[in-house]
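> Just dropping this structure here.
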Amino acid sequence: MFASRIFWRIFGWYALLTMGLVLTLGSILADRMERTVVDTFRQRLHDTAEALRDSYEADFPEAPGRELQERLESLAERNQTRLTLVDDAGTVIGDSARAPAEMENHRERPELLMARKNGDGYARRKSPTLGIPMMYYAIRLTPAKRSRGFVRIAVDTSKIDSEVHSAKRLVWTSTAAISFIILVVTWGVLRRIVRPIEELTRAARAITAGRQTPRVDITRRDELGVLAASFNSMSTELAHRIEELQKQRLAISANSQLLETVLSAMTEGVVAVDSNQVVLFANGAARRLLDIDAHDIVGKPIWETARIGPLQQVLEETLRDGTAGRCSLEIPRTKATVALGVVCLSGNSSPGALIVLEDVTELRRLESVRRDFVSNVSHELKTPLTAIQAMSETLLDGGLEDDQHNRDFVERISEQADRLHALILDLLRLSRIEAEPDQLELTPVRVIDVLRRCIDEHRDTANSKNLQLDIDVPDAPLMVLANSEGLTTIFDNLLDNAVKYSSAGGHIVVVATNDGEKIRIEVRDNGLGIPLEHQRRVFERFYRVDRARSRDVGGTGLGLAIVKHWVQLFDGEIELQSEFGHGTEVAIELAKA
Ligand code: ADP
């Protein structure tokens, strides 16, 4: 209440007006009262003078006398006035306040001069006789025996002043009391008017500050009551709307969170830009694919963070023409191949675009591997087939009759057929392990059993090449999580290579060790070895260090590729160490069962 500006403004003005009005009215009233008091006194003087006229008009005394004096004194006392009789010459005949003999001539007294002239005279002045301020009233008499005489009535002005004073005091006290009452009533009425306004203001402020949607408790029938009722219904409506908005906001934020989770979990990159190419959203995959280091690229133009020409070009075309665009690009630093599609975002005339990125590096690599594979297979098949064809033709063209060479031709045809057979077997193995890797069931397999079986199978060949073939395994059973067929293929291929690429008198040893959680199997030979520059590629399909030699020894170039594939299916590791001219060691590590 005391802080209400509207209250103090209205009350201030009201108080000011009231004070002004009361002061004006008080002054007018006080003035009026003063005049009334003075008039009353004058009337009294006049009435007394008229009474004396009746007494002395006919019989005006000749000279002062004791009896006259006493009569004047008793009359004066009754009226509370001073009575004086003065003759035409100004000599005082009688006076209720002094002995006439002591008094000077009154001829020049202003009230007497006026009465001489007009019949009556009035004056307020200090009495030279009594030395006090007095009000005088004189009337002229025309007695029978004398030419003229005057009756003068006077009253002490201090009496008038005291009456005026008490009248004025009454006026001012009443006006002060009235003002006070007016102000108190004004205060009360204003309070009743301002309090609801204040309450409404407080409630409106609370709404503006967004803290709450309060209701005001004002039950009046006037306009303020109507306003309060409207305010309450507005507040209820607002609360309802706010609740709805909050629900919508929660739903939107849940949706956008879901969307963000989905987008960030995607392996495809997604970037949304506005019509000025400023990034609105970018998921982690997009940053990774576009090789953007900065974490927060939202709000920045895309060309500032990803300076990739083809992307820029497609994006500009899409934004300009509104058509979808696609292209494939290579990221300079990572060398990754990324396919991107750009579509216009739906919305107003120029809303921006959505860029979807996909890492196709592996796809491209696989495509190229497939292409190479097909050409390699064709080549590998063509060579023995051509040889078989040529030798068959030679035999048919008379070679059959050539007893010296026909057997040799047939043997070479058989050799090439064996090569073809080996090649096809390897291809079949490869395709089998590639076709159903998911259905492969890993079971505990005793490594040593498989190893011994494989070594036994290669022993004859090794002996025929004069190679020493040893095995060095611990006594423990050494169980691995694998597949018996795959494990056999692995050891077969490794032993086959060791035998193939070792010279007579060489030494091959197979070592198995129990390395904590893993089992490590090494196939070592001291044969030809592999030059350093070829070591990285020998696991590729059809890769051979020395093509002619490999072919001579019946290699297909698929052995190590098949080995690597099986090891990967067993979740194992493979490594190759070799020194050209000194030997090779191929080691595999498999999980213990
Ligand atoms: P291949 O059937 O020709 O032996 P692999 O895939 O088994 O094919 O081997 C690829 C190439 O790696 C071989 O051509 C050979 O040159 C080389 N290589 C593999 N094992 C050995 C080894 N133990 N010693 C020397 N060279 C080897």
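Chain labels A, B, ... are given in the sequence in which chains occur in the structure tokens; within each chain residues are numbered consecutively from 1, and ligands are likewise numbered from 1 in the order shown.
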What's around range 21-38 of chain A at 8 Å? Count only C-alpha atoms, leave out sequence neighbours fewer than 5 positions away in its own chain, and write the answer as a list in words.
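Surrounding residues, per the criterion: Ile160, Glu163, Val164, Ala167, Lys168, Val171, Trp172, Thr175, Ala176 and Ser179 of chain A.
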> Next, dump the selected residues to file, keeping only N, CA and C atoms, as a PDB file, in the first residue's frame.

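Final file, again-v4.pdb:
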ATOM      1  N   ILE A 160     -14.010  43.432  20.776  1.00  0.00           N
ATOM      2  CA  ILE A 160     -14.335  42.981  19.404  1.00  0.00           C
ATOM      3  C   ILE A 160     -13.287  41.966  18.945  1.00  0.00           C
ATOM      4  N   GLU A 163     -13.714  38.640  20.372  1.00  0.00           N
ATOM      5  CA  GLU A 163     -14.835  37.909  19.751  1.00  0.00           C
ATOM      6  C   GLU A 163     -14.470  37.418  18.351  1.00  0.00           C
ATOM      7  N   VAL A 164     -13.810  38.358  17.611  1.00  0.00           N
ATOM      8  CA  VAL A 164     -13.373  37.979  16.245  1.00  0.00           C
ATOM      9  C   VAL A 164     -12.424  36.780  16.333  1.00  0.00           C
ATOM     10  N   ALA A 167     -14.278  33.657  17.072  1.00  0.00           N
ATOM     11  CA  ALA A 167     -15.053  33.234  15.897  1.00  0.00           C
ATOM     12  C   ALA A 167     -14.138  32.593  14.851  1.00  0.00           C
ATOM     13  N   LYS A 168     -12.976  33.250  14.655  1.00  0.00           N
ATOM     14  CA  LYS A 168     -12.034  32.716  13.659  1.00  0.00           C
ATOM     15  C   LYS A 168     -11.504  31.362  14.107  1.00  0.00           C
ATOM     16  N   VAL A 171     -13.898  28.841  13.254  1.00  0.00           N
ATOM     17  CA  VAL A 171     -13.883  28.543  11.811  1.00  0.00           C
ATOM     18  C   VAL A 171     -12.712  27.614  11.479  1.00  0.00           C
ATOM     19  N   TRP A 172     -11.527  28.004  11.922  1.00  0.00           N
ATOM     20  CA  TRP A 172     -10.331  27.219  11.537  1.00  0.00           C
ATOM     21  C   TRP A 172     -10.320  25.833  12.165  1.00  0.00           C
ATOM     22  N   THR A 175     -12.783  23.829  10.120  1.00  0.00           N
ATOM     23  CA  THR A 175     -12.259  23.465   8.785  1.00  0.00           C
ATOM     24  C   THR A 175     -11.150  22.420   8.903  1.00  0.00           C
ATOM     25  N   ALA A 176     -10.328  22.582   9.962  1.00  0.00           N
ATOM     26  CA  ALA A 176      -9.254  21.592  10.140  1.00  0.00           C
ATOM     27  C   ALA A 176      -9.855  20.219  10.398  1.00  0.00           C
ATOM     28  N   SER A 179     -11.278  18.921   7.189  1.00  0.00           N
ATOM     29  CA  SER A 179     -10.206  18.459   6.296  1.00  0.00           C
ATOM     30  C   SER A 179      -9.717  17.099   6.740  1.00  0.00           C
TER      31      SER A 179
END
> If you count only C-alpha atoms and all ligand atoms, which residues end up within 6 Å of ligand 1, as a PyMOL selection string?
chain A and resi 497-498+501+527-530+538-539+543-546+550+555-561+584
> Put those residues in a file: N, CA and C atoms, as a PDB file, in the first residue's frame.

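Writing the result to again22.pdb gives the following:
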ATOM      1  N   ASN A 497      53.465 -75.179 -47.824  1.00  0.00           N
ATOM      2  CA  ASN A 497      54.369 -74.096 -48.243  1.00  0.00           C
ATOM      3  C   ASN A 497      55.783 -74.355 -47.750  1.00  0.00           C
ATOM      4  N   ALA A 498      55.899 -74.754 -46.470  1.00  0.00           N
ATOM      5  CA  ALA A 498      57.229 -74.982 -45.901  1.00  0.00           C
ATOM      6  C   ALA A 498      57.972 -76.044 -46.720  1.00  0.00           C
ATOM      7  N   TYR A 501      58.675 -74.610 -50.451  1.00  0.00           N
ATOM      8  CA  TYR A 501      59.698 -73.558 -50.620  1.00  0.00           C
ATOM      9  C   TYR A 501      60.952 -73.823 -49.785  1.00  0.00           C
ATOM     10  N   GLY A 527      64.004 -72.473 -45.492  1.00  0.00           N
ATOM     11  CA  GLY A 527      64.015 -72.525 -46.944  1.00  0.00           C
ATOM     12  C   GLY A 527      64.340 -71.188 -47.610  1.00  0.00           C
ATOM     13  N   LEU A 528      63.577 -70.910 -48.697  1.00  0.00           N
ATOM     14  CA  LEU A 528      63.900 -69.759 -49.551  1.00  0.00           C
ATOM     15  C   LEU A 528      63.704 -68.403 -48.860  1.00  0.00           C
ATOM     16  N   GLY A 529      62.699 -68.329 -48.015  1.00  0.00           N
ATOM     17  CA  GLY A 529      62.396 -67.027 -47.386  1.00  0.00           C
ATOM     18  C   GLY A 529      61.661 -66.110 -48.365  1.00  0.00           C
ATOM     19  N   ILE A 530      61.110 -65.064 -47.836  1.00  0.00           N
ATOM     20  CA  ILE A 530      60.328 -64.135 -48.689  1.00  0.00           C
ATOM     21  C   ILE A 530      60.964 -62.749 -48.593  1.00  0.00           C
ATOM     22  N   VAL A 538      51.686 -61.381 -49.241  1.00  0.00           N
ATOM     23  CA  VAL A 538      51.548 -62.822 -49.526  1.00  0.00           C
ATOM     24  C   VAL A 538      50.216 -63.413 -49.084  1.00  0.00           C
ATOM     25  N   PHE A 539      49.485 -62.649 -48.244  1.00  0.00           N
ATOM     26  CA  PHE A 539      48.176 -63.162 -47.806  1.00  0.00           C
ATOM     27  C   PHE A 539      47.068 -62.807 -48.796  1.00  0.00           C
ATOM     28  N   TYR A 543      48.468 -64.002 -54.876  1.00  0.00           N
ATOM     29  CA  TYR A 543      49.759 -63.306 -54.833  1.00  0.00           C
ATOM     30  C   TYR A 543      50.866 -64.340 -54.654  1.00  0.00           C
ATOM     31  N   ARG A 544      51.807 -64.252 -55.559  1.00  0.00           N
ATOM     32  CA  ARG A 544      52.935 -65.174 -55.471  1.00  0.00           C
ATOM     33  C   ARG A 544      54.218 -64.401 -55.653  1.00  0.00           C
ATOM     34  N   VAL A 545      55.217 -64.756 -54.858  1.00  0.00           N
ATOM     35  CA  VAL A 545      56.475 -64.008 -54.935  1.00  0.00           C
ATOM     36  C   VAL A 545      57.151 -64.305 -56.273  1.00  0.00           C
ATOM     37  N   ASP A 546      57.258 -65.554 -56.538  1.00  0.00           N
ATOM     38  CA  ASP A 546      57.870 -65.962 -57.815  1.00  0.00           C
ATOM     39  C   ASP A 546      56.855 -66.849 -58.521  1.00  0.00           C
ATOM     40  N   SER A 550      56.403 -70.864 -58.116  1.00  0.00           N
ATOM     41  CA  SER A 550      55.220 -71.330 -57.404  1.00  0.00           C
ATOM     42  C   SER A 550      54.436 -72.309 -58.264  1.00  0.00           C
ATOM     43  N   GLY A 555      51.818 -74.458 -56.736  1.00  0.00           N
ATOM     44  CA  GLY A 555      51.124 -73.445 -55.905  1.00  0.00           C
ATOM     45  C   GLY A 555      49.987 -72.794 -56.671  1.00  0.00           C
ATOM     46  N   THR A 556      48.994 -72.415 -55.953  1.00  0.00           N
ATOM     47  CA  THR A 556      47.862 -71.722 -56.597  1.00  0.00           C
ATOM     48  C   THR A 556      47.832 -70.229 -56.230  1.00  0.00           C
ATOM     49  N   GLY A 557      48.588 -69.853 -55.232  1.00  0.00           N
ATOM     50  CA  GLY A 557      48.564 -68.442 -54.771  1.00  0.00           C
ATOM     51  C   GLY A 557      47.396 -68.171 -53.834  1.00  0.00           C
ATOM     52  N   LEU A 558      46.687 -69.259 -53.490  1.00  0.00           N
ATOM     53  CA  LEU A 558      45.517 -69.067 -52.619  1.00  0.00           C
ATOM     54  C   LEU A 558      45.735 -69.602 -51.205  1.00  0.00           C
ATOM     55  N   GLY A 559      46.805 -70.363 -51.029  1.00  0.00           N
ATOM     56  CA  GLY A 559      47.043 -71.045 -49.743  1.00  0.00           C
ATOM     57  C   GLY A 559      47.009 -70.111 -48.544  1.00  0.00           C
ATOM     58  N   LEU A 560      47.869 -69.084 -48.528  1.00  0.00           N
ATOM     59  CA  LEU A 560      47.941 -68.194 -47.364  1.00  0.00           C
ATOM     60  C   LEU A 560      46.654 -67.369 -47.195  1.00  0.00           C
ATOM     61  N   ALA A 561      45.993 -67.059 -48.337  1.00  0.00           N
ATOM     62  CA  ALA A 561      44.724 -66.314 -48.243  1.00  0.00           C
ATOM     63  C   ALA A 561      43.702 -67.168 -47.485  1.00  0.00           C
ATOM     64  N   THR A 584      61.509 -69.019 -43.252  1.00  0.00           N
ATOM     65  CA  THR A 584      60.252 -68.338 -42.956  1.00  0.00           C
ATOM     66  C   THR A 584      59.631 -68.940 -41.699  1.00  0.00           C
TER      67      THR A 584
END
> If we count only C-alpha atoms and set the cut-off at 9 Å, which residues sit around range 569-579 of chain A, ignoring sequence neighbours fewer than 6 positions away in its own chain? Please answer as number ranges by chain.
A: 433, 437, 440, 442, 481-483, 486, 518, 528-532, 535-536, 563, 585-591
> Go through A:Asp426, A:Pro310, A:Asp95, A:Arg541 and flag the residue nearest Asp372 in chain A, using only C-alpha atoms for the distances.
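Distance minimum relative to Asp372 in chain A lands on A:Arg541.
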> Between A:Arg140, A:Lys465, A:Lys126, A:Lys300, which has the minimum distance to Lys500 in chain A (counting only C-alpha atoms)?
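Ranked by minimum distance to Lys500 in chain A, first place goes to A:Lys465.
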> With DSSP run on the backbone, what are the helix (DSSP H, G or I) residues within range 395-569 of chain A? I'd like them as an NGL selection string.
:A and (395-396 or 399-401 or 406-435 or 447-464 or 484-500 or 532-535 or 547-552 or 559-569)
